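A.B. asks: start_33.txt is reproduced in full below (compact mmCIF, C-alpha atoms).
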```txt
# COMPACT_ATOMS: atom_id res chain seq x y z
CA MET G 1 34.99 -40.16 173.09
CA VAL G 2 35.35 -38.31 176.40
CA LEU G 3 39.14 -38.66 176.30
CA THR G 4 39.20 -37.44 172.71
CA LEU G 5 37.11 -34.37 173.50
CA LEU G 6 39.21 -33.55 176.54
CA SER G 7 42.44 -33.81 174.55
CA VAL G 8 41.42 -31.26 171.90
CA PRO G 9 41.72 -28.07 173.97
CA VAL G 10 44.93 -29.34 175.54
CA ALA G 11 46.53 -29.84 172.11
CA ALA G 12 45.36 -26.45 170.92
CA GLN G 13 46.65 -24.78 174.04
CA ALA G 14 50.04 -26.50 173.79
CA ALA G 15 50.75 -24.78 170.48
CA ASP G 16 50.78 -21.42 172.28
CA VAL G 17 53.12 -22.51 175.07
CA PRO G 18 56.78 -21.36 174.70
CA VAL G 19 59.21 -24.09 173.73
CA PRO G 20 60.68 -25.54 176.97
CA ILE G 21 64.41 -25.68 177.55
CA PRO G 22 65.42 -28.81 179.51
CA SER G 23 67.60 -28.26 182.53
CA SER G 24 71.30 -29.09 182.60
CA SER G 25 71.85 -27.99 186.19
CA ASN G 26 72.83 -31.48 187.35
CA GLN G 27 75.80 -31.63 185.01
CA PRO G 28 79.23 -30.72 186.42
CA GLU G 29 81.29 -27.88 184.93
CA THR G 30 84.60 -28.18 186.74
CA GLY G 31 86.74 -27.99 183.62
CA ASN G 32 87.97 -31.52 184.13
CA GLY G 33 88.83 -33.58 181.09
CA GLU G 34 90.91 -33.20 177.96
CA VAL G 35 90.06 -30.25 175.73
CA SER G 36 90.30 -31.20 172.06
CA ALA G 37 90.77 -28.98 169.03
CA ALA G 38 87.11 -29.65 168.17
CA ASP G 39 86.10 -28.42 171.64
CA ARG G 40 88.01 -25.17 171.15
CA ASP G 41 86.49 -24.68 167.71
CA PHE G 42 83.05 -25.26 169.20
CA LEU G 43 83.57 -22.50 171.79
CA VAL G 44 84.65 -20.12 169.03
CA LYS G 45 81.63 -20.95 166.85
CA VAL G 46 79.17 -20.42 169.71
CA ARG G 47 80.72 -17.01 170.33
CA MET G 48 80.58 -16.06 166.65
CA ALA G 49 76.94 -17.11 166.40
CA GLY G 50 76.02 -14.68 169.14
CA LEU G 51 78.06 -11.86 167.60
CA TRP G 52 75.76 -11.67 164.58
CA GLU G 53 72.48 -13.20 165.75
CA ILE G 54 72.10 -10.81 168.68
CA PRO G 55 72.23 -7.63 166.52
CA ALA G 56 70.12 -9.35 163.84
CA SER G 57 67.47 -10.25 166.42
CA ASN G 58 67.57 -6.72 167.82
CA MET G 59 66.79 -5.46 164.32
CA ALA G 60 63.88 -7.89 164.10
CA GLN G 61 62.28 -6.15 167.06
CA THR G 62 62.50 -2.71 165.44
CA LYS G 63 62.38 -3.24 161.66
CA SER G 64 59.69 -5.92 161.40
CA LYS G 65 56.03 -4.93 161.42
CA ASP G 66 54.92 -8.47 162.22
CA PRO G 67 54.33 -9.02 165.98
CA ARG G 68 55.28 -12.68 165.58
CA ILE G 69 58.67 -11.83 164.05
CA GLN G 70 59.23 -9.24 166.76
CA ALA G 71 58.52 -11.85 169.44
CA VAL G 72 60.81 -14.39 167.76
CA GLY G 73 63.60 -11.83 167.57
CA LYS G 74 63.16 -10.87 171.20
CA SER G 75 63.33 -14.50 172.39
CA ILE G 76 66.28 -15.50 170.23
CA GLY G 77 68.23 -12.35 171.07
CA ALA G 78 67.73 -12.76 174.82
CA GLN G 79 68.65 -16.44 174.72
CA HIS G 80 71.82 -15.74 172.74
CA VAL G 81 72.88 -13.21 175.38
CA THR G 82 72.52 -15.94 178.01
CA LEU G 83 74.35 -18.47 175.85
CA ASP G 84 77.14 -16.02 175.07
CA LYS G 85 77.76 -15.44 178.79
CA ALA G 86 77.96 -19.19 179.39
CA ASP G 87 80.35 -19.60 176.45
CA VAL G 88 82.64 -16.81 177.66
CA LYS G 89 82.68 -18.35 181.14
CA VAL G 90 83.80 -21.76 179.85
CA ALA G 91 86.34 -20.20 177.48
CA LYS G 92 87.97 -18.29 180.34
CA GLN G 93 87.97 -21.43 182.46
CA LEU G 94 89.74 -23.42 179.76
CA GLY G 95 91.96 -20.64 178.42
CA VAL G 96 90.37 -20.46 174.97
CA ALA G 97 90.62 -17.13 173.13
CA LEU G 98 87.34 -15.96 171.62
CA PRO G 99 86.73 -13.54 168.72
CA ALA G 100 85.36 -10.06 169.29
CA ARG G 101 83.81 -9.57 165.85
CA PRO G 102 81.68 -11.69 163.51
CA SER G 103 83.18 -13.15 160.36
CA ASP G 104 83.03 -11.27 157.07
CA GLU G 105 80.18 -13.54 155.93
CA GLN G 106 78.23 -12.95 159.13
CA GLN G 107 78.80 -9.20 158.91
CA GLY G 108 77.47 -9.39 155.36
CA TRP G 109 74.23 -10.90 156.68
CA ILE G 110 73.93 -8.11 159.26
CA ASP G 111 74.50 -5.49 156.56
CA GLU G 112 71.94 -7.20 154.32
CA MET G 113 69.31 -6.99 157.06
CA ALA G 114 70.20 -3.39 157.86
CA ALA G 115 69.70 -2.44 154.21
CA ALA G 116 66.40 -4.35 153.91
CA ASN G 117 63.10 -2.50 154.09
CA ASN G 118 60.13 -3.45 156.25
CA THR G 119 58.76 -5.66 153.48
CA THR G 120 61.86 -7.73 152.77
CA PHE G 121 63.45 -7.86 156.23
CA ASP G 122 61.31 -10.66 157.69
CA GLN G 123 62.13 -13.21 155.00
CA ILE G 124 65.85 -12.40 155.08
CA TYR G 125 65.99 -12.66 158.88
CA ILE G 126 64.20 -16.01 158.95
CA ASP G 127 66.18 -17.44 156.02
CA ARG G 128 69.60 -16.50 157.35
CA LEU G 129 69.04 -17.64 160.93
CA ARG G 130 67.27 -20.89 160.03
CA ALA G 131 70.05 -21.85 157.61
CA ALA G 132 72.76 -21.03 160.17
CA HIS G 133 71.05 -23.03 162.92
CA GLY G 134 70.63 -25.99 160.60
CA LYS G 135 74.36 -26.03 159.84
CA ILE G 136 75.57 -25.87 163.44
CA PHE G 137 72.99 -28.29 164.82
CA PRO G 138 74.79 -31.54 163.83
CA ALA G 139 78.16 -30.10 164.93
CA ILE G 140 76.78 -29.48 168.41
CA ALA G 141 75.55 -33.06 168.64
CA THR G 142 79.01 -34.33 167.76
CA ILE G 143 80.63 -32.30 170.55
CA ARG G 144 77.96 -33.29 173.07
CA ALA G 145 78.52 -36.96 172.31
CA SER G 146 82.32 -36.97 172.09
CA THR G 147 83.85 -34.29 174.32
CA ARG G 148 85.84 -35.45 177.35
CA ASN G 149 85.62 -32.12 179.16
CA ASP G 150 82.69 -31.72 181.53
CA SER G 151 82.34 -27.93 181.07
CA VAL G 152 82.25 -28.26 177.28
CA ARG G 153 79.77 -31.13 177.61
CA LYS G 154 77.36 -29.03 179.66
CA LEU G 155 77.72 -26.05 177.32
CA ALA G 156 77.11 -28.30 174.31
CA GLN G 157 73.90 -29.59 175.86
CA GLU G 158 72.69 -26.08 176.63
CA THR G 159 73.63 -24.92 173.13
CA ASN G 160 71.79 -27.85 171.61
CA GLN G 161 68.67 -26.97 173.57
CA PHE G 162 68.87 -23.31 172.54
CA VAL G 163 69.36 -24.16 168.86
CA MET G 164 66.40 -26.56 168.88
CA THR G 165 64.31 -23.84 170.49
CA HIS G 166 65.46 -21.24 167.97
CA MET G 167 64.68 -23.45 164.97
CA THR G 168 61.19 -24.05 166.36
CA LEU G 169 60.66 -20.31 166.92
CA LEU G 170 61.87 -19.46 163.42
CA GLU G 171 59.63 -22.11 161.89
CA SER G 172 56.65 -20.74 163.80
CA SER G 173 56.85 -17.65 161.59
CA GLY G 174 55.56 -19.66 158.63
CA LEU G 175 58.29 -18.14 156.44
CA VAL G 176 60.82 -20.97 156.42
CA GLN G 177 61.34 -22.22 152.86
CA TYR G 178 62.04 -25.87 153.53
CA GLY G 179 62.67 -26.62 149.87
CA ALA G 180 65.66 -24.27 149.92
CA LEU G 181 67.33 -25.92 152.92
CA PRO G 182 70.48 -27.99 152.24
CA THR G 183 69.83 -31.63 151.46
CA ALA G 184 71.27 -34.13 153.93
CA ALA G 185 74.16 -36.22 152.68
CA PRO G 186 73.15 -39.77 151.67
CA PRO G 187 73.89 -42.42 154.32
CA ALA G 188 76.97 -44.57 153.95
CA ALA G 189 76.39 -47.93 152.34
CA ALA G 190 75.78 -50.66 154.91
CA LYS G 191 78.35 -53.43 155.13
CA GLY G 192 76.38 -56.63 154.64
CA PRO G 193 72.62 -57.17 154.75
CA VAL G 194 70.54 -55.05 157.11
CA PRO G 195 68.60 -57.25 159.60
CA VAL G 196 64.84 -56.89 159.37
CA ASP G 197 62.42 -57.64 162.17
CA GLN G 198 59.94 -59.82 160.24
CA GLN G 199 57.68 -60.27 163.27
CA MET G 200 57.32 -56.52 163.67
CA LEU G 201 56.52 -56.08 159.98
CA ALA G 202 53.95 -58.88 160.06
CA ALA G 203 52.28 -57.43 163.15
CA ALA G 204 52.20 -53.94 161.67
CA SER G 205 50.71 -55.08 158.36
CA GLY G 206 48.15 -57.40 159.97
CA SER G 207 46.82 -55.26 162.79
CA GLY G 208 47.93 -51.69 162.24
CA GLY G 209 51.01 -52.14 164.41
CA VAL G 210 49.34 -53.73 167.46
CA THR G 211 51.12 -57.03 168.15
CA GLY G 212 48.98 -60.12 168.65
CA ILE G 213 45.69 -58.66 167.41
CA ASN G 214 44.18 -59.52 164.02
CA THR G 215 42.03 -57.07 162.08
CA SER G 216 39.21 -59.61 161.78
CA VAL G 217 39.15 -60.06 165.57
CA ILE G 218 38.87 -56.30 166.06
CA LEU G 219 35.96 -56.09 163.62
CA MET G 220 34.16 -58.98 165.32
CA VAL G 221 34.56 -57.35 168.73
CA LEU G 222 33.24 -54.04 167.42
CA ALA G 223 30.27 -55.78 165.77
CA ALA G 224 29.44 -57.66 168.96
CA ALA G 225 29.61 -54.44 170.95
CA LEU G 226 27.27 -52.75 168.47
CA VAL G 227 24.73 -55.59 168.67
CA ALA G 228 24.90 -55.58 172.46
CA GLY G 229 24.28 -51.85 172.49
CA VAL G 230 21.23 -52.17 170.22
CA ILE G 231 19.72 -54.97 172.34
CA THR G 232 20.26 -53.03 175.54
CA THR G 233 18.66 -49.94 174.03
CA MET G 234 15.60 -51.94 172.89
CA ARG G 235 15.16 -53.45 176.34
CA ILE G 236 15.27 -50.02 177.96
CA LEU G 237 12.67 -48.69 175.51
CA ARG G 238 10.36 -51.68 176.16
CA ALA G 239 10.68 -51.24 179.91
CA ARG G 240 9.54 -47.64 179.56
```
Can you give me the file's structure in the form of C-alpha cells?
C.D. replies:
Amino acid sequence: MVLTLLSVPVAAQAADVPVPIPSSSNQPETGNGEVSAADRDFLVKVRMAGLWEIPASNMAQTKSKDPRIQAVGKSIGAQHVTLDKADVKVAKQLGVALPARPSDEQQGWIDEMAAANNTTFDQIYIDRLRAAHGKIFPAIATIRASTRNDSVRKLAQETNQFVMTHMTLLESSGLVQYGALPTAAPPAAAKGPVPVDQQMLAAASGSGGVTGINTSVILMVLAAALVAGVITTMRILRAR
C-alpha cells in the first residue's frame, strides 16, 4: 500500500516532464562506410521535412490560441532547426546535394495552414504533421538498421529520436484522429507453422502470467494472512 501511494504522485508528475531524447554522442561520425542510394534519399527527406515543418511550427506559435499547441510548435520547430543543421553537416561530409525548397505537396500544406483561421489551424497543423511523421518513421528505422556509413547511422538514430518525440508532442494535443491514420500493411504469411510456447501460455492462464504459482495457492496464502491478522488484532485488544 505504501509503495502504491508513493507511486501515484510520481506517475502524475511524469506526464508533465518533456519527452527525453536519448544521447547518441558515443556514436562515431567519421563518414566511413559505403553510402547507398537509400542513405542519400534519407538525407534529402530529412532536409525536406525541415523545410516545411519549421515554418509550419512557427505559424503554430502565432496563429494558434491554444497554449498547448503553441508549446508543441515551439518545441518541434526548435528541434527541426537542430536536426536540419546535423543533416546539412552530414550531407556536406558525404557530398550529397540537398534541396533548398519544400516539395509542391509540402508547400501546399504550408499554404493551407497560412490560409486557415484561428479556429481551423490547430487541427490542420496536428493532422498534417502527425501523418507526415507516421510515414517517415518506418523509413528511418530501415536506414538505422541497414546503413553501412557511420555518419548516416548516427543521424538516423537522432532523427528517429526526434520523430518519436514529435509524435508524442503532437498526440499530447488531444487532436490526433487515430481513426484517420493509414492502416498498417498486413504481415506476410509465415512459412510453416509458428512455434508456440505452451509453457508460457499455461503459466499465464493459470496464474496471471507468474510462472510456477497457482491461483489456488495465492488465495490460500491471502486467506491465511487474513486469519493471522485477525488473531493478532484480537490478542492485542485482549491485552489492552
A.B. asks: Identify which of the residues G:Val90, G:Ala224, G:Ala97, G:Met59 lies closest to Ala156 of chain G, counting all atoms listed in the file when measuring atom-to-atom distances.
C.D. replies: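 Under the stated criterion, the closest residue is G:Val90.
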A.B. asks: So what do you get for atom CA of Pro99 of chain G versus atom CA of Thr62 of chain G, distance-wise?
C.D. replies: 26.7 Å
A.B. asks: When you count all atoms listed in the file, which of these residues is closest to Ala114 of chain G: G:Pro187, G:Pro55, G:Gly50, G:Pro193?
C.D. replies: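 Of all the options, G:Pro55 lies closest to Ala114 of chain G.
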A.B. asks: Work out how far atom CA of Thr147 of chain G is from atom CA of Val35 of chain G, in Å to one decimal.
C.D. replies: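 It comes out at 7.5 Å.
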A.B. asks: Taking into account only C-alpha atoms, which residue in the set G:Ile76, G:Ala56, G:Leu175, G:Leu43 is nearest to Leu94 of chain G?
C.D. replies: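 Of G:Ile76, G:Ala56, G:Leu175, G:Leu43, the one nearest Leu94 of chain G is G:Leu43, counting only C-alpha atoms.
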A.B. asks: Counting all atoms listed in the file, which residue out of G:Tyr125, G:Lys92, G:Ala141, G:Ala132 sits closest to Arg153 of chain G?
C.D. replies: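 Once distances to Arg153 of chain G are computed over all atoms listed in the file, the minimum belongs to G:Ala141.
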A.B. asks: Which residue is closest to Ala180 of chain G? Choose from G:Val88, G:Ala131, G:Ala38, G:Ala116 and count only C-alpha atoms.
C.D. replies: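 Closest candidate: G:Ala131.
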A.B. asks: Got a sec to write segment 106-130 of chain G of the block to a file, C-alpha atoms, as a CSV table (one decimal), in the first residue's frame?
C.D. replies:
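Wrote decode-v3.csv, looks like this:
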```csv
chain,number,residue,atom,x,y,z
G,106,GLN,CA,4.6,20.3,-48.7
G,107,GLN,CA,4.2,23.8,-49.9
G,108,GLY,CA,0.5,23.1,-50.3
G,109,TRP,CA,0.4,22.2,-46.6
G,110,ILE,CA,2.1,25.4,-45.7
G,111,ASP,CA,-0.3,27.4,-47.8
G,112,GLU,CA,-3.2,25.5,-46.3
G,113,MET,CA,-2.1,26.5,-42.8
G,114,ALA,CA,-1.4,30.1,-43.8
G,115,ALA,CA,-5.0,30.4,-45.1
G,116,ALA,CA,-6.6,28.7,-42.1
G,117,ASN,CA,-8.2,30.9,-39.4
G,118,ASN,CA,-7.6,30.6,-35.6
G,119,THR,CA,-10.3,28.0,-35.3
G,120,THR,CA,-9.3,25.6,-38.0
G,121,PHE,CA,-5.5,26.0,-37.8
G,122,ASP,CA,-4.8,23.7,-34.9
G,123,GLN,CA,-6.5,20.6,-36.4
G,124,ILE,CA,-4.8,21.1,-39.7
G,125,TYR,CA,-1.4,21.6,-38.1
G,126,ILE,CA,-1.7,18.5,-36.0
G,127,ASP,CA,-3.2,16.3,-38.8
G,128,ARG,CA,-0.5,17.2,-41.3
G,129,LEU,CA,2.5,16.8,-39.1
G,130,ARG,CA,1.3,13.6,-37.4
```
